[in-house]
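As provided, entry02.cif (mmCIF, C-alpha atoms) reads as follows.
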```cif
data_coords
loop_
_atom_site.label_atom_id
_atom_site.label_comp_id
_atom_site.auth_asym_id
_atom_site.auth_seq_id
_atom_site.Cartn_x
_atom_site.Cartn_y
_atom_site.Cartn_z
CA MET A 1 31.23 -14.56 16.35
CA ASP A 2 33.22 -16.61 13.87
CA GLY A 3 34.57 -19.78 15.41
CA ILE A 4 31.69 -20.14 17.86
CA SER A 5 29.68 -23.29 17.25
CA ASN A 6 25.97 -23.24 16.49
CA GLU A 7 25.26 -25.17 19.66
CA HIS A 8 27.24 -22.64 21.70
CA LEU A 9 25.16 -19.84 20.19
CA VAL A 10 22.01 -21.72 21.19
CA ASP A 11 23.30 -22.03 24.77
CA SER A 12 24.26 -18.36 24.83
CA PHE A 13 20.78 -17.36 23.71
CA ARG A 14 19.16 -19.58 26.31
CA GLN A 15 21.33 -18.16 29.07
CA THR A 16 21.16 -14.48 28.15
CA GLY A 17 18.09 -14.11 25.97
CA GLU A 18 20.11 -11.80 23.73
CA MET A 19 18.71 -11.76 20.22
CA ARG A 20 22.11 -11.22 18.62
CA HIS A 21 22.81 -14.93 19.10
CA LEU A 22 19.70 -15.81 17.08
CA ASP A 23 20.64 -13.17 14.50
CA GLU A 24 24.00 -14.88 14.08
CA LEU A 25 22.33 -18.27 13.58
CA VAL A 26 20.07 -16.73 10.94
CA HIS A 27 23.04 -15.07 9.23
CA ARG A 28 24.95 -18.34 9.09
CA HIS A 29 22.18 -20.58 7.89
CA MET A 30 19.79 -18.42 5.91
CA PRO A 31 21.49 -18.71 2.48
CA LYS A 32 21.63 -22.50 2.68
CA VAL A 33 18.11 -22.83 4.07
CA ARG A 34 16.73 -20.48 1.44
CA ALA A 35 18.54 -22.34 -1.35
CA MET A 36 17.17 -25.64 -0.06
CA ILE A 37 13.65 -24.25 0.01
CA TYR A 38 13.95 -22.63 -3.42
CA ALA A 39 15.01 -25.96 -4.94
CA MET A 40 11.83 -27.45 -3.51
CA VAL A 41 9.28 -24.75 -4.35
CA LEU A 42 11.00 -23.22 -7.43
CA ASN A 43 9.52 -19.81 -6.79
CA HIS A 44 11.44 -16.91 -5.26
CA ALA A 45 8.54 -15.23 -3.46
CA ASP A 46 7.42 -18.51 -1.89
CA ALA A 47 11.00 -19.37 -0.96
CA ASP A 48 11.37 -16.03 0.85
CA GLU A 49 8.06 -16.47 2.68
CA ILE A 50 8.85 -20.02 3.79
CA THR A 51 12.40 -19.06 4.81
CA GLN A 52 10.96 -16.42 7.12
CA GLU A 53 8.52 -18.91 8.61
CA VAL A 54 11.31 -21.43 9.19
CA PHE A 55 13.38 -18.99 11.22
CA ILE A 56 10.39 -17.84 13.25
CA ARG A 57 9.78 -21.50 14.04
CA MET A 58 13.43 -21.85 14.93
CA ALA A 59 13.17 -18.92 17.33
CA ASN A 60 9.97 -20.25 18.87
CA GLY A 61 11.27 -23.78 19.23
CA ILE A 62 14.86 -23.18 20.26
CA ALA A 63 14.04 -23.69 23.93
CA GLY A 64 13.02 -27.22 23.04
CA PHE A 65 16.15 -28.03 21.02
CA GLN A 66 17.65 -30.96 22.90
CA LYS A 67 21.00 -31.38 21.16
CA LYS A 68 20.16 -34.96 20.24
CA ALA A 69 21.05 -33.90 16.72
CA LEU A 70 23.26 -31.19 15.30
CA PHE A 71 21.66 -27.77 15.29
CA SER A 72 21.88 -27.73 11.49
CA THR A 73 20.04 -31.07 11.25
CA TRP A 74 17.32 -29.76 13.55
CA LEU A 75 17.01 -26.54 11.56
CA TYR A 76 16.97 -28.29 8.18
CA ARG A 77 14.30 -30.64 9.47
CA ILE A 78 12.14 -27.63 10.35
CA ALA A 79 12.87 -26.21 6.90
CA MET A 80 11.90 -29.38 5.07
CA ASN A 81 8.79 -29.99 7.21
CA THR A 82 7.63 -26.45 6.60
CA THR A 83 8.33 -26.80 2.89
CA HIS A 84 6.54 -30.13 2.57
CA SER A 85 3.53 -28.64 4.33
CA PHE A 86 3.60 -25.69 1.95
CA LEU A 87 3.78 -28.00 -1.07
CA ARG A 88 0.76 -29.94 0.14
CA ARG A 89 -1.19 -26.72 0.51
CA ARG A 90 -0.04 -25.53 -2.91
CA SER A 91 -1.05 -28.80 -4.52
CA ARG A 92 -4.62 -27.83 -3.65
CA ASN A 93 -4.25 -24.53 -5.47
CA PRO A 94 -2.00 -25.25 -8.44
CA ALA A 95 -2.87 -22.00 -10.22
CA ASP A 96 -0.23 -20.21 -8.18
CA VAL A 97 2.56 -22.58 -9.09
CA TYR A 98 5.33 -21.09 -11.20
CA ALA A 99 3.43 -17.82 -11.49
CA GLU A 100 6.74 -15.98 -11.57
CA PRO A 101 8.22 -15.02 -14.90
CA PRO A 102 11.51 -16.75 -15.62
CA ASP A 103 14.59 -14.94 -14.39
CA GLN A 104 16.24 -12.55 -16.77
CA PRO A 105 19.42 -13.85 -18.36
CA ASP A 106 22.68 -12.71 -16.85
CA ARG A 107 23.78 -10.30 -19.59
CA ALA A 108 27.15 -9.74 -17.96
CA ALA A 109 28.10 -13.25 -18.95
CA GLY A 110 27.50 -12.46 -22.62
CA PRO A 111 24.24 -12.87 -24.52
CA ASP A 112 24.83 -16.38 -25.85
CA ARG A 113 26.06 -17.87 -22.60
CA ALA A 114 23.36 -16.06 -20.66
CA LEU A 115 20.66 -17.40 -22.97
CA MET A 116 22.08 -20.90 -22.72
CA ALA A 117 22.26 -20.69 -18.91
CA ASN A 118 18.70 -19.44 -18.80
CA GLU A 119 17.47 -22.26 -21.01
CA THR A 120 19.39 -24.84 -19.00
CA GLY A 121 18.09 -23.40 -15.74
CA ALA A 122 14.51 -23.49 -16.98
CA GLU A 123 14.88 -27.12 -18.05
CA ILE A 124 16.45 -28.07 -14.71
CA GLU A 125 13.56 -26.43 -12.90
CA ARG A 126 11.03 -28.26 -15.04
CA ALA A 127 12.82 -31.54 -14.37
CA LEU A 128 12.90 -30.87 -10.62
CA ALA A 129 9.24 -29.86 -10.65
CA ASP A 130 8.34 -33.19 -12.25
CA LEU A 131 9.96 -35.14 -9.41
CA SER A 132 7.73 -36.07 -6.48
CA PRO A 133 8.41 -33.93 -3.38
CA SER A 134 10.21 -36.77 -1.60
CA LEU A 135 12.55 -37.37 -4.57
CA ARG A 136 13.07 -33.63 -4.99
CA SER A 137 14.03 -33.23 -1.35
CA ALA A 138 16.39 -36.20 -1.61
CA ILE A 139 18.28 -34.69 -4.55
CA THR A 140 18.16 -31.21 -3.01
CA LEU A 141 19.71 -32.33 0.25
CA THR A 142 22.38 -34.52 -1.30
CA ALA A 143 23.36 -33.12 -4.70
CA VAL A 144 22.51 -29.43 -4.23
CA GLN A 145 23.36 -29.06 -0.53
CA GLY A 146 26.09 -31.68 -0.48
CA LEU A 147 24.83 -33.52 2.62
CA ASP A 148 25.54 -37.22 2.97
CA VAL A 149 22.69 -39.68 2.63
CA LYS A 150 22.50 -40.50 6.35
CA GLU A 151 22.25 -36.84 7.25
CA ALA A 152 19.57 -36.34 4.61
CA ALA A 153 17.67 -39.32 6.06
CA ARG A 154 17.83 -37.80 9.53
CA ILE A 155 16.44 -34.54 8.20
CA GLU A 156 13.65 -36.22 6.29
CA GLY A 157 12.91 -38.61 9.13
CA CYS A 158 13.27 -41.77 7.07
CA LEU A 159 15.58 -44.76 7.05
CA ALA A 160 18.94 -44.35 5.34
CA ALA A 161 17.96 -47.18 3.00
CA THR A 162 14.87 -45.26 1.97
CA MET A 163 16.95 -42.17 1.32
CA TYR A 164 19.47 -44.16 -0.75
CA TRP A 165 16.59 -45.37 -2.91
CA ARG A 166 15.13 -41.87 -3.24
CA VAL A 167 18.49 -40.42 -4.27
CA TYR A 168 19.03 -43.23 -6.77
CA GLU A 169 15.58 -42.79 -8.27
CA ALA A 170 15.83 -38.99 -8.41
CA ARG A 171 19.23 -39.14 -10.10
CA LYS A 172 17.97 -41.68 -12.61
CA GLN A 173 15.02 -39.48 -13.57
CA LEU A 174 17.09 -36.31 -13.75
CA GLN A 175 19.87 -37.90 -15.79
CA LYS A 176 17.35 -39.14 -18.30
CA ARG A 177 15.65 -35.77 -18.48
CA LEU A 178 18.81 -33.64 -18.58
CA VAL A 179 20.96 -35.89 -20.73
CA ARG A 180 21.42 -33.14 -23.34
CA TYR A 181 22.91 -30.75 -20.79
CA LEU A 182 25.04 -33.39 -19.10
CA LYS A 183 26.76 -34.27 -22.38
CA SER A 184 27.59 -30.66 -23.12
CA MET B 1 35.89 -35.42 -9.59
CA THR B 2 32.37 -34.10 -9.21
CA ASP B 3 29.56 -35.98 -10.89
CA PRO B 4 28.25 -34.04 -13.95
CA LEU B 5 24.70 -34.05 -12.60
CA ASP B 6 25.87 -32.70 -9.22
CA ARG B 7 27.88 -30.02 -11.02
CA LEU B 8 24.92 -29.05 -13.19
CA LEU B 9 22.59 -28.80 -10.18
CA LYS B 10 25.09 -26.86 -8.09
CA ASP B 11 25.68 -24.39 -10.93
CA TRP B 12 21.95 -23.94 -11.28
CA ALA B 13 21.51 -23.46 -7.52
CA SER B 14 24.21 -20.80 -7.39
CA ARG B 15 22.63 -18.94 -10.32
CA ALA B 16 19.17 -19.22 -8.70
CA ALA B 17 20.39 -17.91 -5.33
CA ALA B 18 19.10 -14.53 -4.20
CA ASP B 19 21.57 -11.64 -4.48
CA ASP B 20 23.27 -10.09 -1.45
CA LYS B 21 20.78 -7.22 -1.35
CA SER B 22 17.83 -9.61 -1.23
CA PHE B 23 19.54 -11.69 1.46
CA ALA B 24 20.12 -8.60 3.57
CA ALA B 25 16.47 -7.57 3.25
CA LEU B 26 15.31 -11.08 4.11
CA GLU B 27 17.62 -11.17 7.12
CA ARG B 28 16.21 -7.86 8.36
CA ASN B 29 12.63 -9.12 7.99
CA ILE B 30 13.46 -12.28 9.89
CA ALA B 31 15.17 -10.32 12.68
CA THR B 32 12.11 -8.10 13.04
CA GLN B 33 9.70 -11.01 13.06
CA MET B 34 11.77 -12.99 15.54
CA ARG B 35 11.66 -10.04 17.93
CA GLU B 36 7.91 -9.72 17.48
CA ALA B 37 7.48 -13.44 18.10
CA ARG B 38 9.67 -13.25 21.18
CA HIS B 39 7.70 -10.27 22.45
CA ARG B 40 4.46 -12.20 21.99
CA SER B 41 5.93 -15.20 23.74
CA SER B 42 7.10 -13.07 26.68
CA SER B 43 3.69 -11.44 26.87
CA ALA B 44 1.99 -14.82 26.96
CA LEU B 45 4.03 -15.72 30.05
CA ALA B 46 3.30 -12.44 31.78
CA GLU B 47 0.67 -12.14 34.48
CA THR B 48 -1.79 -10.40 32.19
CA PRO B 49 -0.96 -11.77 28.79
CA ALA B 50 -1.33 -9.55 25.76
CA PHE B 51 -2.58 -12.14 23.36
CA SER B 52 -2.36 -11.56 19.69
CA PRO B 53 -3.05 -14.76 17.76
CA TRP B 54 -3.20 -13.08 14.37
CA SER B 55 0.51 -12.60 14.03
CA ARG B 56 2.24 -12.83 10.69
CA LEU B 57 2.81 -16.50 11.36
CA ALA B 58 -0.82 -16.92 12.28
CA TRP B 59 -1.80 -15.20 9.06
CA PHE B 60 0.29 -17.79 7.26
CA SER B 61 -1.68 -20.44 9.12
CA LEU B 62 -4.89 -18.63 8.29
CA GLY B 63 -3.95 -18.90 4.64
CA ALA B 64 -3.68 -22.63 5.10
CA ALA B 65 -6.95 -22.62 6.99
CA THR B 66 -8.63 -20.75 4.17
CA THR B 67 -7.35 -23.33 1.71
CA LEU B 68 -8.67 -26.07 3.92
CA ALA B 69 -11.95 -24.27 4.42
CA ILE B 70 -12.44 -24.34 0.67
CA ALA B 71 -11.30 -27.91 0.29
CA LEU B 72 -12.82 -29.40 3.39
CA ALA B 73 -16.40 -29.68 4.39
CA VAL B 74 -16.38 -29.50 8.16
CA VAL B 75 -19.29 -31.35 9.63
CA ARG B 76 -20.36 -30.82 13.20
CA LEU B 77 -22.12 -33.64 14.91
CA PRO B 78 -23.29 -34.00 18.49
CA LEU B 79 -20.79 -35.78 20.68
CA LEU B 80 -21.28 -39.42 21.34
CA ALA B 81 -21.05 -38.49 24.99
CA ASN B 82 -20.08 -40.90 27.67
CA SER B 83 -22.12 -41.12 30.82
CA THR B 84 -19.96 -38.74 32.83
CA GLY B 85 -20.22 -35.90 30.36
CA THR B 86 -16.47 -35.37 30.64
CA PRO B 87 -15.17 -37.01 27.51
CA ASP B 88 -11.54 -37.87 27.23
CA LEU B 89 -9.50 -39.82 24.74
CA VAL B 90 -9.50 -43.04 26.71
CA GLN B 91 -13.22 -42.99 27.36
CA SER B 92 -14.39 -41.93 23.95
CA SER B 93 -11.83 -43.23 21.46
CA ALA B 94 -13.94 -46.26 20.65
CA SER B 95 -16.92 -44.01 19.97
CA VAL B 96 -14.85 -41.72 17.80
CA HIS B 97 -13.41 -44.69 15.93
CA ARG B 98 -16.86 -46.04 15.25
CA LEU B 99 -17.96 -42.62 14.10
CA PHE B 100 -14.81 -42.38 12.01
CA ASP B 101 -15.47 -45.71 10.31
CA GLU B 102 -19.08 -44.91 9.57
CA VAL B 103 -18.52 -41.38 8.27
CA ASN B 104 -15.46 -42.45 6.30
CA ARG B 105 -17.61 -44.98 4.47
CA LEU B 106 -20.27 -42.33 3.94
CA PHE B 107 -17.70 -40.03 2.35
CA ALA B 108 -16.12 -42.75 0.23
CA GLY B 109 -12.91 -42.91 2.24
CA ASN B 110 -12.27 -39.16 2.12
CA LEU B 111 -12.26 -38.58 5.88
CA ARG B 112 -8.98 -36.94 6.87
CA TRP B 113 -9.26 -36.18 10.56
CA VAL B 114 -11.56 -36.25 13.53
CA ALA B 115 -11.40 -33.69 16.32
CA GLN B 116 -13.29 -33.63 19.57
CA SER B 117 -13.30 -30.49 21.70
CA ASP B 118 -15.63 -29.34 24.46
CA GLY B 119 -18.40 -31.79 23.70
CA ALA B 120 -18.50 -31.61 19.92
CA VAL B 121 -16.96 -33.75 17.23
CA GLU B 122 -15.69 -32.13 14.02
CA LEU B 123 -14.73 -34.02 10.90
CA GLY B 124 -12.42 -33.01 8.07
CA ILE B 125 -13.71 -34.31 4.75
CA ASP B 126 -11.55 -33.79 1.70
CA PRO B 127 -13.49 -34.09 -1.56
CA ASP B 128 -10.28 -34.58 -3.53
CA LYS B 129 -8.59 -37.91 -3.92
CA ASP B 130 -5.61 -38.05 -1.58
CA GLU B 131 -2.43 -38.45 -3.61
CA SER B 132 0.01 -37.37 -0.92
CA GLU B 133 2.68 -39.75 0.23
CA HIS B 134 2.36 -41.03 3.79
CA ASP B 135 3.30 -44.20 5.55
CA GLY B 136 -0.21 -45.13 6.72
CA SER B 137 0.47 -44.46 10.42
CA HIS B 138 -2.44 -43.10 12.43
CA PHE B 139 -2.19 -41.03 15.58
CA ALA B 140 -4.32 -39.90 18.48
CA VAL B 141 -3.30 -36.51 19.81
CA HIS B 142 -4.57 -35.40 23.20
CA ILE B 143 -4.19 -31.72 24.08
CA ALA B 144 -5.07 -30.70 27.62
CA VAL B 145 -4.95 -27.39 29.45
CA VAL B 146 -4.52 -27.91 33.19
CA SER B 147 -4.35 -25.39 36.01
CA ARG B 148 -3.46 -25.19 39.66
CA THR B 149 -3.33 -22.54 42.36
CA GLY B 150 -0.02 -22.81 44.16
CA SER B 151 2.81 -25.23 43.54
CA ARG B 152 1.41 -27.89 45.90
CA ALA B 153 -2.18 -27.77 44.68
CA PRO B 154 -3.42 -30.60 42.47
CA TRP B 155 -3.74 -30.03 38.75
CA LYS B 156 -7.24 -29.61 37.39
CA GLN B 157 -8.08 -30.04 33.71
CA VAL B 158 -9.84 -26.99 32.29
CA TRP B 159 -9.90 -27.71 28.55
CA GLU B 160 -9.07 -30.59 26.25
CA SER B 161 -9.20 -31.67 22.68
CA ASP B 162 -8.58 -35.00 20.96
CA VAL B 163 -7.59 -35.34 17.36
CA LEU B 164 -7.32 -38.48 15.28
CA THR B 165 -5.13 -38.05 12.25
CA ARG B 166 -2.50 -39.76 10.19
CA SER B 167 1.12 -39.08 9.39
CA GLU B 168 1.94 -36.05 7.24
CA GLN B 169 -1.63 -34.72 7.31
CA VAL B 170 -1.67 -30.93 7.59
CA ILE B 171 -4.41 -30.04 10.05
CA ASP B 172 -5.69 -26.58 10.85
CA ILE B 173 -8.82 -26.67 12.97
CA ALA B 174 -10.94 -23.99 14.60
CA PRO B 175 -12.21 -25.95 17.62
CA ASN B 176 -15.94 -25.49 18.08
CA GLN B 177 -15.82 -23.19 15.06
CA LYS B 178 -14.51 -20.33 17.20
CA ARG B 179 -12.81 -18.00 14.77
CA ASP B 180 -9.94 -17.02 17.03
CA ASP B 181 -9.16 -20.47 18.41
CA ARG B 182 -6.87 -22.68 16.43
CA ILE B 183 -5.24 -26.10 16.52
CA GLY B 184 -2.55 -26.85 13.95
CA LEU B 185 -0.89 -30.25 13.74
CA TRP B 186 1.53 -32.09 11.51
CA ILE B 187 3.09 -35.42 12.53
CA TYR B 188 5.89 -37.34 10.88
CA PRO B 189 7.24 -40.63 12.25
CA VAL B 190 11.03 -40.74 12.51
CA ALA B 191 13.24 -43.79 12.36
CA ASP B 192 13.70 -44.46 16.08
CA GLY B 193 10.00 -44.88 16.88
CA ARG B 194 9.54 -41.26 17.87
CA PHE B 195 7.56 -38.61 16.01
CA ALA B 196 8.40 -35.17 14.74
CA VAL B 197 5.42 -33.04 15.70
CA ASP B 198 4.76 -29.49 14.59
CA SER B 199 1.89 -28.08 16.58
CA ARG B 200 0.24 -24.76 17.15
CA LEU B 201 -2.46 -23.93 19.62
CA SER B 202 -4.17 -20.63 20.24
CA LEU B 203 -7.02 -20.45 22.71
CA ASN B 204 -9.01 -17.52 24.04
CA ALA B 205 -11.06 -19.41 26.61
CA PRO B 206 -10.96 -20.68 29.29
CA ILE B 207 -7.51 -19.08 29.25
CA ARG B 208 -5.73 -17.06 26.63
CA ILE B 209 -2.76 -19.13 25.64
CA TYR B 210 -0.60 -19.58 22.56
CA SER B 211 2.01 -22.18 21.74
CA ASP B 212 4.03 -23.03 18.68
CA SER B 213 6.26 -26.05 19.01
CA SER B 214 8.35 -28.23 16.75
CA ASP B 215 9.62 -31.25 18.67
CA VAL B 216 10.53 -34.87 18.36
CA VAL B 217 8.38 -36.72 20.91
CA GLU B 218 8.04 -40.21 22.31
CA ASP B 219 4.97 -42.37 21.83
CA GLY B 220 2.37 -41.70 24.54
CA LYS B 221 4.56 -39.38 26.58
CA PRO B 222 2.89 -36.10 27.63
CA THR B 223 4.91 -33.02 26.72
CA ALA B 224 4.36 -29.56 28.19
CA ILE B 225 4.17 -27.19 25.24
CA ALA B 226 3.14 -23.95 26.96
CA VAL B 227 3.02 -22.41 30.43
CA THR B 228 1.34 -19.21 31.55
CA ILE B 229 0.51 -17.64 34.90
CA VAL B 230 -2.57 -15.51 35.42
CA GLY B 231 -2.97 -14.07 38.91
CA SER B 232 -2.35 -16.91 41.33
CA LYS B 233 -3.11 -19.60 38.77
CA GLU B 234 -0.57 -21.49 36.73
CA TYR B 235 -1.73 -22.99 33.46
CA ARG B 236 0.07 -25.59 31.39
CA VAL B 237 -0.71 -27.15 28.03
CA TYR B 238 0.18 -30.80 27.66
CA GLN B 239 0.24 -32.63 24.37
CA THR B 240 0.36 -36.43 24.08
CA VAL B 241 0.81 -38.15 20.74
CA THR B 242 0.02 -41.85 20.59
CA ARG B 243 0.50 -44.02 17.56
CA LEU B 244 -2.57 -46.17 16.98
CA LYS B 245 -1.97 -49.85 16.53
CA PRO B 246 -3.07 -51.19 13.12
CA LYS B 247 -6.20 -52.83 14.49
CA GLU B 248 -7.23 -49.48 15.99
CA ASP B 249 -6.41 -47.49 12.90
CA GLY B 250 -9.04 -45.39 11.31
CA PRO B 251 -9.21 -45.91 7.54
CA CYS B 252 -8.24 -42.40 6.58
#
```

Represent the structure of the file as C-alpha cells.
Amino acid sequence: MDGISNEHLVDSFRQTGEMRHLDELVHRHMPKVRAMIYAMVLNHADADEITQEVFIRMANGIAGFQKKALFSTWLYRIAMNTTHSFLRRRSRNPADVYAEPPDQPDRAAGPDRALMANETGAEIERALADLSPSLRSAITLTAVQGLDVKEAARIEGCLAATMYWRVYEARKQLQKRLVRYLKS
Amino acid sequence: MTDPLDRLLKDWASRAAADDKSFAALERNIATQMREARHRSSSALAETPAFSPWSRLAWFSLGAATTLAIALAVVRLPLLANSTGTPDLVQSSASVHRLFDEVNRLFAGNLRWVAQSDGAVELGIDPDKDESEHDGSHFAVHIAVVSRTGSRAPWKQVWESDVLTRSEQVIDIAPNQKRDDRIGLWIYPVADGRFAVDSRLSLNAPIRIYSDSSDVVEDGKPTAIAVTIVGSKEYRVYQTVTRLKPKEDGPC
C-alpha cells in the first residue's frame, strides 16, 4: 500500500470496512506515535499501553475524522491528549513514575561508548522529566519528531505564538541542563 | 547543520525506541484490540446489542476512575429541582451554579466538577491542590439520549446528564453511582474557538448504549455521538458543549 495517502486509506476503510486499511495506518504511524509518547512518559510499559489506547481511539473515532486537518495531525492530537490525560492521572500516583530499571547499555557499541550513551540517556530523561508537560510536549513534537512549530501548535491546540514560547523555554532549560553533553 | 540539542535528542530517541520485535508485538496487540472494538461497535448498532462496557479500554478508564475514587470525595446531594421535575441545563444551570459556588467555598476552592443526572447532583472534590495547567475556561456539557419510533415520529428525550467542568479536567463519573454506567470527559479549547472533546459514555438504562468519541466541536452545537436501534425504536446520543462566559464561570 506504499504510495497511498493516509487520507485515501481512511476513505477506503470508510467505504469497505476492511480492517487492513486501519492496519496499514497503524503500521505507518505506530513507531512515531510510540516515540512521541515515550518522550512524554519516559517509561516503556506506559508508552506501550498508551500507544495501544491511542490506536483504539483512532479506530473508534475515524468515522468522525473530517479532513479539516491532515490525518497525522488528527492522530498526533489524539496521542498527545491521551498522553496528557495519562500524565495527570500519574501525577496523582507518583510512586509508579520511573519504576522501570534503566535500560541496559548497548554492549555491541563497546563498553565505554555504551556506558557513556547510557549515562547521557539517563541525564536526558531526567532533564525531560523536569520539564512541565507542556514544555516537554513542545520539545518532543519539534526537536524529537521534527515537526514545525505551527504543526505542533495545531496538535497541542494552542496558538503558534504560545508554541514558539514553549519551544524557546524548553530549549533554554534543556541547554542549561545538558550543557556538558552538548559540548562533547 | 542540525542544532546540537536537536541532534542529542534525536540520538537519544532512536536509542530509546522499541526494537522491531517489540514493535511487531505491539502492532499485533493493536490489531486484535481494534477488531474487538469494532466488533463491540457493530454489536451496539445491532438490533439486540451485545453490550460489554468493561472492554480493555474501559478497564483503562476504570483505572482512572479508581484513581479518582481515591482522590475525590464524591458527594451526593438532592437535586435543586425545578417545578416541572424535568431538569435540564437551561432550567437548572443557575441552581447548579449557586450550588457550585457554595460548595466550592465549603471545600476551599477544591471543587472540580458538577454533574447532574436523573434528579441527583454529584460533585467532584479534589483534596489536593490543583497544579495542572489550564486556561481557566469553563464548560457546560449536556448529554441527552433521545428516541423515536419511525423516521417521522418526534424525538423524545429518555435520559440526560449535565456536567460543569473546566478545560483539561479529566472526568470519569459513574452517574447516580451505578457501577456499570460511565461518563468520561476531557475538553481542550483550540485556537479557532472550537473545542477538542474526548468523551465516553456507557449506559445500561434506559437503553444499553456505548460511545467513544474524539472530535473537535463548535460552541453550543449538538453533535450526535452514538446511534442504536432496538426493535422499532431508534436511539441517538447528542452531546452539546457550551463555553461558559466569564460572569457565569464556576470558580473551579

Checklist outcome for this item: One residue among B:Asp20, B:Ile30, B:Pro175, B:Ala153 is nearest to chain A when using only C-alpha atoms, and that residue is B:Ile30

Next on the checklist: Just to confirm, what's the straight-line distance from atom CA of Phe195 of chain B to atom CA of Tyr168 of chain A in Å (one decimal)?
Outcome noted: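 According to the coordinates, atom CA of Phe195 of chain B and atom CA of Tyr168 of chain A are separated by 25.9 Å.
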
Next on the checklist: Assuming the chain letters and numbering stay as they are in my file, what does the PyMOL selection byres ((chain B and resi 237) around 10) actually select? List them as a PyMOL selection string.
Outcome noted: chain B and resi 143-147+157+159-160+201+209-211+222-228+235-236+238-239

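Residues selected in this file by the PyMOL selection byres ((chain A) within 6 of (chain B)) comprise Gln52, Ile56, Gly61, Gly121, Ala143, Val144, Gly157, Cys158 and Leu159 of chain A.
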
Checklist entry - So which one's closest to Asn81 of chain A, B:Asn204, B:Ser199, B:Thr242, B:Thr2? Using only C-alpha atoms, please. => result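 Of all the options, B:Ser199 lies closest to Asn81 of chain A.
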
Item to check | Gap from atom CA of Ser132 of chain A to atom CA of Asp219 of chain B - Å, one decimal | outcome: 29.1 Å

Checklist entry - Using the chain letters and numbers from the file, which residues does the PyMOL selection byres ((chain A and resi 170) around 9) grab, as a PyMOL selection string? => result chain A and resi 128+131-132+135-136+138-139+165-169+171-175

Checklist entry - Rounded to one decimal in Å, what is the spacing between atom CA of Gln145 of chain A and atom CA of Arg89 of chain A? => result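 We find that atom CA of Gln145 of chain A and atom CA of Arg89 of chain A lie 24.7 Å from each other.
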
Checklist entry - With all atoms listed in the file as the atoms that count, which of A:Met19, A:Val54, A:Leu87, A:Ile78 lies nearest to Met40 of chain A? => result A:Leu87

Checklist entry - When distances are computed from all atoms listed in the file, which of B:Leu185, B:Leu106, B:Ile229, B:Val158 shows the smallest separation from Ala205 of chain B? => result B:Val158
